[in-house]
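S.K.: Below is the structure I would like to discuss, written out as structure tokens.
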Amino acid sequence: MTEERTSTSADAGAAAESSAWSSKPEVDRKRPRSAPSLGLRGTLLFLWRQLTSMQTALILLMLLAIAAVPGSLYPQRSVNPTLTEQFLEENGRWGEILDTLGFFDVFSSTWFSAIYLLLFISLIGCIVPRVGVHLRQLRARPPRTPSRLTRFTGYTRIELGRSGDRGADAPTVADDLIERARRSLRRSRYRTEIREEKGARSVSAERGLLRESGNLTFHIALVGVLICIAGGQLTSYRGQITVIEGDGFANSLTQYDSFESGAWFDETEMPDFRFTLEDFRATYVQPGEGGSVGEPRSFEADVEVSTPGQAQLSKTVQVNKPLHVKGASMYLLGNGYAPAVTVTDPEGNVVAEGPVITVPMGDTGYTSQLVIKAPDARPEQTAVVGFFLPTGTIDEQGPHSLYPDSLDPQLAVTVHQGDLGMDSGIPQNAYEVDLSTLTPVVEEDGAPVLVRLYPGQEFALPDGTTLSFDGLRRYAAFDIAHNPFEHWILLSALVAVGGLILSLFVPRRRVWVRVRETADGTVLEVAGLARSDDPALEDDVRALASSLTEAQDGTSDDPHDPDQERPARATQHSSEGSAQ
Amino acid sequence: MINEQLAEISNLALVVTIVLYVLALIGFGADLASSSQRRSDARLAAQEHQGEGRTLQTATVAADGGGAVAGGGAAIAVDGGGAPPADAPGHGPGTGTSGAVAPARPASGGMSAQRFAFLLTAAATVLHVVGVLTRALATQRVPWANMYEFATTSSAAVMLAFLVFSIKRVELRALGSFVVGPVLLVLLLAQTFWIVPAANLTPSLQNSHWIYIHIGVAIIATSLSILGAVVAGMQLLQARHERALAELTSAGQEHPEHWGRFGHVLDRLPTSTVLEALSFRIHSVAFVCWTFTLIFGAIWAREAWGRFWGWDPKEVWTFIIWVIYASYLHARATGGFRGNRAAGLALAGFVAVVFNYTIVNTVINGLHSYSGL
Ligand code: HEM
């Protein structure tokens, strides 16, 4: 593409130019900004050039960074739906405006998508021509040695005296130097080419093409990352389950509390596995230990897993230690208490029985909300509402728990009767109940009966309803998820960093050595050109020059008078280093 | 189990470290002041030498080696002030620390303010590292599980990096105040606002080697961002200063003055071109580290939360940091954005780093709630 051609043709005089790409914007600027006379094709071409220019890429990158900011300042629906609703409620009209603009779904909003899609189109438009240019460059020989080297980095000129009489066909000093220069550069992994010139010979050497290879690899791998992420979006699934100690789970859609999957997800591919939750253990910071009391120390869930064709396995799932089975992974993400409660209605029928999942309210003490719905209770439907407290107390703040472990477990609930509204056909949240249509069971004085129950106790309400607290179990909440593209995303990302490292740290440079035989002796010229940030080039060039002449002193069979013969020696480098 | 005694020692070490940094900062400040004093004395002297001219002008990097037959001339501009190389190795051990607040001019045989400050800095850094290590021993885990520990550890990394760079390159020591200053600020913030008692890890941080890898790399990345921002900031100041001096020179002033004392300080520092190159080196390593932080964080998130990316505020801001530094690298390769504007982007990246560390940790609520506050 234009930019590459510009820069290669400018090479001969590109001493001041550090990057092949830097010339592009200048070229852009010279081109007329508006191109109406070009017709449709011309206009499209013009737009395409604009889109794939470095400046556009830069602006799109900056826009991407800015566009991501609101995604962290406003609650996001996909991350935290409850907070989002709360924000919307509190902010009324302003919230609605923000919502229409997509501020609560930033990362799937049209504007955010537009930015990154444009960026990636620009990226592809940028890479494709560069790949062609680069492949050609990889096969090309190092370019011609510039005729005047004086303007280049580290330019060093050394005059070597006549080295006595050699046989007419003995290799000249010049040949010797050129050959040694070539070998030395080869050793430092330059590609070299010996050029015959008018009255001189030169070595043209180049290294660091890997820099551009790395850069291209990096950008291509980024496209790979994006494609794999998109693939993952389409094919992955994720669901939440809650399992009480002693209960089992078999992987099928109906078993999930909630489930979401990509458009191309195929239900039949869900792996067939089942497990029972044998035991769930949690430990907390106790008084006297370091850290704040009640903070969790460990969560462990023992499961017995069976997959088709394999013996049953005992595993312990922990935070950071998910269970991996073929085709799915299971993560321990939550836990809570499931007190076993039996409710008997005034007619003496058991209308609810067994462990109920309670929802922790988020305090350190694990105060948990409990809702039991008994639609079959007679004469009226019944709901038990209140709290489970692992280490309970009731004070002016109401019932709450002081410590997350079940040191003094108890229930603090009220009983309500009326129409639970479960026949309306609207799906209900099992953990919530609408109390507005219900009336509490009251004492003689009219105050609602507050039932406080300890394990093993039973409580009879004035209306004849009885509650009993039969025992306590824990439950664990797991996420089960699978993304078939995960490994590909990781692979592309790692390839990208590999390319990045090459493209940032491999110096790309050219080095030339020219030897000219003159009447007074041999003139050696050495210079280099950095095509990237390359602070070591100067030293390396000078080191090469001095190692060449030093070696010349050492090997030449005919020592000459140093005073006269080598008047000007460039900086003396003690290091014998070769050009790196 | 927490070893409370070691935890105490760690706290004490860090408090003393702060005191030492304060003294070092005073030393560096005195050095800058005195050198600018020397500098203007020298200038006056030079002005009296009418005609001999530009002896003291800052040497600039010869852009292309200028066809020098004998030219080894392209060196970093150093110390135009002609002050004796007070840091020369042979300069004998200081004769006592009597000049705690260093004298403006090193008494012959005494210790220069800079050398004094540098030694203090080295001692403080050692103590700083001791503080971090004892915290690690006291808790028997890595010392980076909450904001306080992350701050103390990464500032120790900054100081170590600075020491490593400036032991060999003496001219970088002049940057001392600009490194010790921010580090001191971080430590003070940590010690006053973020400090929490030594404690065990929360379950979300246990059982994972990613705590070593991901956070370890993040600490390196953060430290490099801090260093990079210092250099980029100096580069911007230096560029302005140089432009102003050039204008004054072309307006016919023989010994242009700009920004008074601070200008003299800048005269002693490397040129903006050199600083720009250094800033680029630091930022490219920083960018690679941020890339790894991002990737390793994603791997860990997948192990811990079952998804590798979820636009959690911390993830969002790390992404923003990464994109800003990517645009910095692009800007350097784009005509019209090189130099100052690119440096501006580097600083924007640093602002994002700071935001990610302070506001995101304490105000915005997300899954990464390990600030310990
Ligand atoms: C997803 C968006 C992109 C990201 C994250 C990205 C990132 C990067 C990074 C980190 C570098 C520095 C590595 C190096 O210097 O070699 C870089 C370099 C480069 N990028 Fe991109 N890039 C993106 C899009 C683009 C686009 C759209 C273009 C073309 C218009 C482009 C052209 C280049 C070029 C030419 C370089 C080499 C610059 C140099 O000579 O230093 N990039 N990119």
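For the structure tokens, the naming scheme is as follows: chains receive sequential letters (A, B, ...) according to their order of presentation, residues are indexed from 1 within each chain, and ligands are indexed from 1 in presentation order.
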List every residue of chain B that has an atom at most 10 Å from any atom of ligand 1, and for each one report the closest atom pair and its distance in Å to one decimal, counting only C-alpha atoms and all ligand atoms, with rows sorted by chain and then by increasing residue number, as a Markdown table.
M.R.:
```
| residue | atom | partner | partner_atom_place_in_ligand_line | distance |
| --- | --- | --- | --- | --- |
| B:Ser284 | CA | ligand 1 | 12 (C) | 7.9 |
| B:Phe287 | CA | ligand 1 | 10 (C) | 7.4 |
| B:Val288 | CA | ligand 1 | 10 (C) | 8.4 |
| B:Thr291 | CA | ligand 1 | 10 (C) | 9.0 |
| B:Trp322 | CA | ligand 1 | 5 (C) | 8.1 |
| B:Val323 | CA | ligand 1 | 5 (C) | 6.3 |
| B:Ile324 | CA | ligand 1 | 5 (C) | 9.2 |
| B:Tyr325 | CA | ligand 1 | 10 (C) | 7.3 |
| B:Ala326 | CA | ligand 1 | 10 (C) | 4.3 |
| B:Ser327 | CA | ligand 1 | 7 (C) | 7.1 |
| B:Tyr328 | CA | ligand 1 | 10 (C) | 8.4 |
| B:Leu329 | CA | ligand 1 | 12 (C) | 5.1 |
| B:His330 | CA | ligand 1 | 18 (C) | 5.5 |
| B:Ala331 | CA | ligand 1 | 38 (C) | 8.3 |
| B:Arg332 | CA | ligand 1 | 41 (O) | 6.8 |
| B:Ala333 | CA | ligand 1 | 39 (C) | 4.8 |
| B:Thr334 | CA | ligand 1 | 38 (C) | 7.8 |
```
S.K.: Would you give me, as an NGL selection string, the residues in stretch 95-294 of chain A that DSSP reads as strand (DSSP E or B)?
M.R.: :A and (153-161 or 191-197 or 200-207 or 237-244 or 248-250 or 258-261 or 274-284)
S.K.: Near B:Thr273, counting only C-alpha atoms, which residues have an atom at most 9 Å away, once you skip same-chain residues fewer than 4 positions from it, shown as a list of chain:residue names?
M.R.: B:Val61, B:Gln235, B:Ala239, B:Ala277, B:Leu278, B:Gly339
S.K.: Now that the selection is made, can you save its residues with all heavy atoms as a PDB file, in the first residue's frame?
M.R.:
```pdb
ATOM      1  N   VAL B  61      22.043  16.289  21.905  1.00  0.00           N
ATOM      2  CA  VAL B  61      22.442  15.087  21.203  1.00  0.00           C
ATOM      3  C   VAL B  61      22.635  15.432  19.749  1.00  0.00           C
ATOM      4  O   VAL B  61      21.776  16.033  19.119  1.00  0.00           O
ATOM      5  CB  VAL B  61      21.344  14.030  21.326  1.00  0.00           C
ATOM      6  CG1 VAL B  61      21.641  12.868  20.415  1.00  0.00           C
ATOM      7  CG2 VAL B  61      21.228  13.581  22.747  1.00  0.00           C
ATOM      8  N   GLN B 235       9.729  14.830  30.563  1.00  0.00           N
ATOM      9  CA  GLN B 235       9.935  15.078  29.131  1.00  0.00           C
ATOM     10  C   GLN B 235       9.121  16.290  28.676  1.00  0.00           C
ATOM     11  O   GLN B 235       9.629  17.164  27.972  1.00  0.00           O
ATOM     12  CB  GLN B 235       9.517  13.834  28.352  1.00  0.00           C
ATOM     13  CG  GLN B 235       9.551  14.023  26.845  1.00  0.00           C
ATOM     14  CD  GLN B 235       8.582  13.095  26.140  1.00  0.00           C
ATOM     15  OE1 GLN B 235       8.255  12.017  26.645  1.00  0.00           O
ATOM     16  NE2 GLN B 235       8.114  13.511  24.980  1.00  0.00           N
ATOM     17  N   ALA B 239      10.695  19.669  27.346  1.00  0.00           N
ATOM     18  CA  ALA B 239      10.453  20.118  25.975  1.00  0.00           C
ATOM     19  C   ALA B 239      10.039  21.592  25.974  1.00  0.00           C
ATOM     20  O   ALA B 239      10.520  22.381  25.161  1.00  0.00           O
ATOM     21  CB  ALA B 239       9.388  19.248  25.312  1.00  0.00           C
ATOM     22  N   ALA B 277      12.881   8.900  24.671  1.00  0.00           N
ATOM     23  CA  ALA B 277      13.301   7.537  24.347  1.00  0.00           C
ATOM     24  C   ALA B 277      13.206   6.641  25.583  1.00  0.00           C
ATOM     25  O   ALA B 277      12.726   5.504  25.520  1.00  0.00           O
ATOM     26  CB  ALA B 277      14.719   7.540  23.797  1.00  0.00           C
ATOM     27  N   LEU B 278      13.637   7.192  26.735  1.00  0.00           N
ATOM     28  CA  LEU B 278      13.574   6.419  27.978  1.00  0.00           C
ATOM     29  C   LEU B 278      12.125   6.106  28.323  1.00  0.00           C
ATOM     30  O   LEU B 278      11.776   4.970  28.685  1.00  0.00           O
ATOM     31  CB  LEU B 278      14.236   7.231  29.094  1.00  0.00           C
ATOM     32  CG  LEU B 278      14.356   6.550  30.446  1.00  0.00           C
ATOM     33  CD1 LEU B 278      15.181   5.285  30.315  1.00  0.00           C
ATOM     34  CD2 LEU B 278      14.977   7.486  31.468  1.00  0.00           C
ATOM     35  N   GLY B 339       6.085  12.717  20.125  1.00  0.00           N
ATOM     36  CA  GLY B 339       6.608  13.699  21.067  1.00  0.00           C
ATOM     37  C   GLY B 339       5.609  14.057  22.152  1.00  0.00           C
ATOM     38  O   GLY B 339       5.159  13.200  22.878  1.00  0.00           O
TER      39      GLY B 339
END
```
S.K.: Of the candidates B:Ala24, B:Ala151, B:Val179, B:Ile282, which shows the shortest atom-to-atom distance to chain A, using only C-alpha atoms?
M.R.: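 Distance minimum relative to chain A lands on B:Ile282.
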S.K.: Quick check, in Å to one decimal: how far apart do atom CA of A:Glu196 and atom CA of A:Trp512 lie?
M.R.: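 It comes out at 13.0 Å.
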S.K.: So which residues touch A:Pro75 within 10 Å, counting only C-alpha atoms, skipping near sequence neighbours fewer than 2 positions away, as a PyMOL selection string?
M.R.: (chain A and resi 70-73+77-88+103-106) or (chain B and resi 312-313+364-366)
S.K.: Quick one: residues within 7 Å of A:Ser503, only C-alpha atoms counted, chain neighbours fewer than 2 positions away excluded, as a PyMOL selection string?
M.R.: chain A and resi 211-212+214-215+499-501+505-506
S.K.: Show which residues sit within 8 Å of stretch 391-404 of chain A, as a list in words. Count only C-alpha atoms, and ignore same-chain residues fewer than 5 positions away.
M.R.: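 Everything that qualifies: Tyr284, Gly294, Thr364, Gly365, Tyr366, Thr367, Pro409, Gln410 and Ala412 of chain A.
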S.K.: Using C-alpha atoms, can you export the residues from the last selection as a tab-separated table (two decimals), in the first residue's frame?
M.R.:
```tsv
chain	number	residue	atom	x	y	z
A	284	TYR	CA	-14.81	-18.02	59.61
A	294	GLY	CA	-16.78	-13.35	61.02
A	364	THR	CA	-21.23	-10.65	57.92
A	365	GLY	CA	-23.57	-12.49	60.28
A	366	TYR	CA	-25.40	-14.22	57.45
A	367	THR	CA	-28.83	-13.00	58.46
A	409	PRO	CA	-29.35	-21.09	65.04
A	410	GLN	CA	-32.91	-19.85	65.24
A	412	ALA	CA	-37.62	-15.42	63.69
```
S.K.: I need the alpha helix (DSSP H) residues of stretch 144-253 of chain B per DSSP on the backbone, written as a ChimeraX atom specification.
M.R.: /B:147-168,176-189,210-250
S.K.: Using only C-alpha atoms, can you tell me which of A:Pro535, A:Pro143, A:Gly92, A:Pro355 comes closest to chain B?
M.R.: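 For chain B, the nearest of the given residues is A:Pro535.
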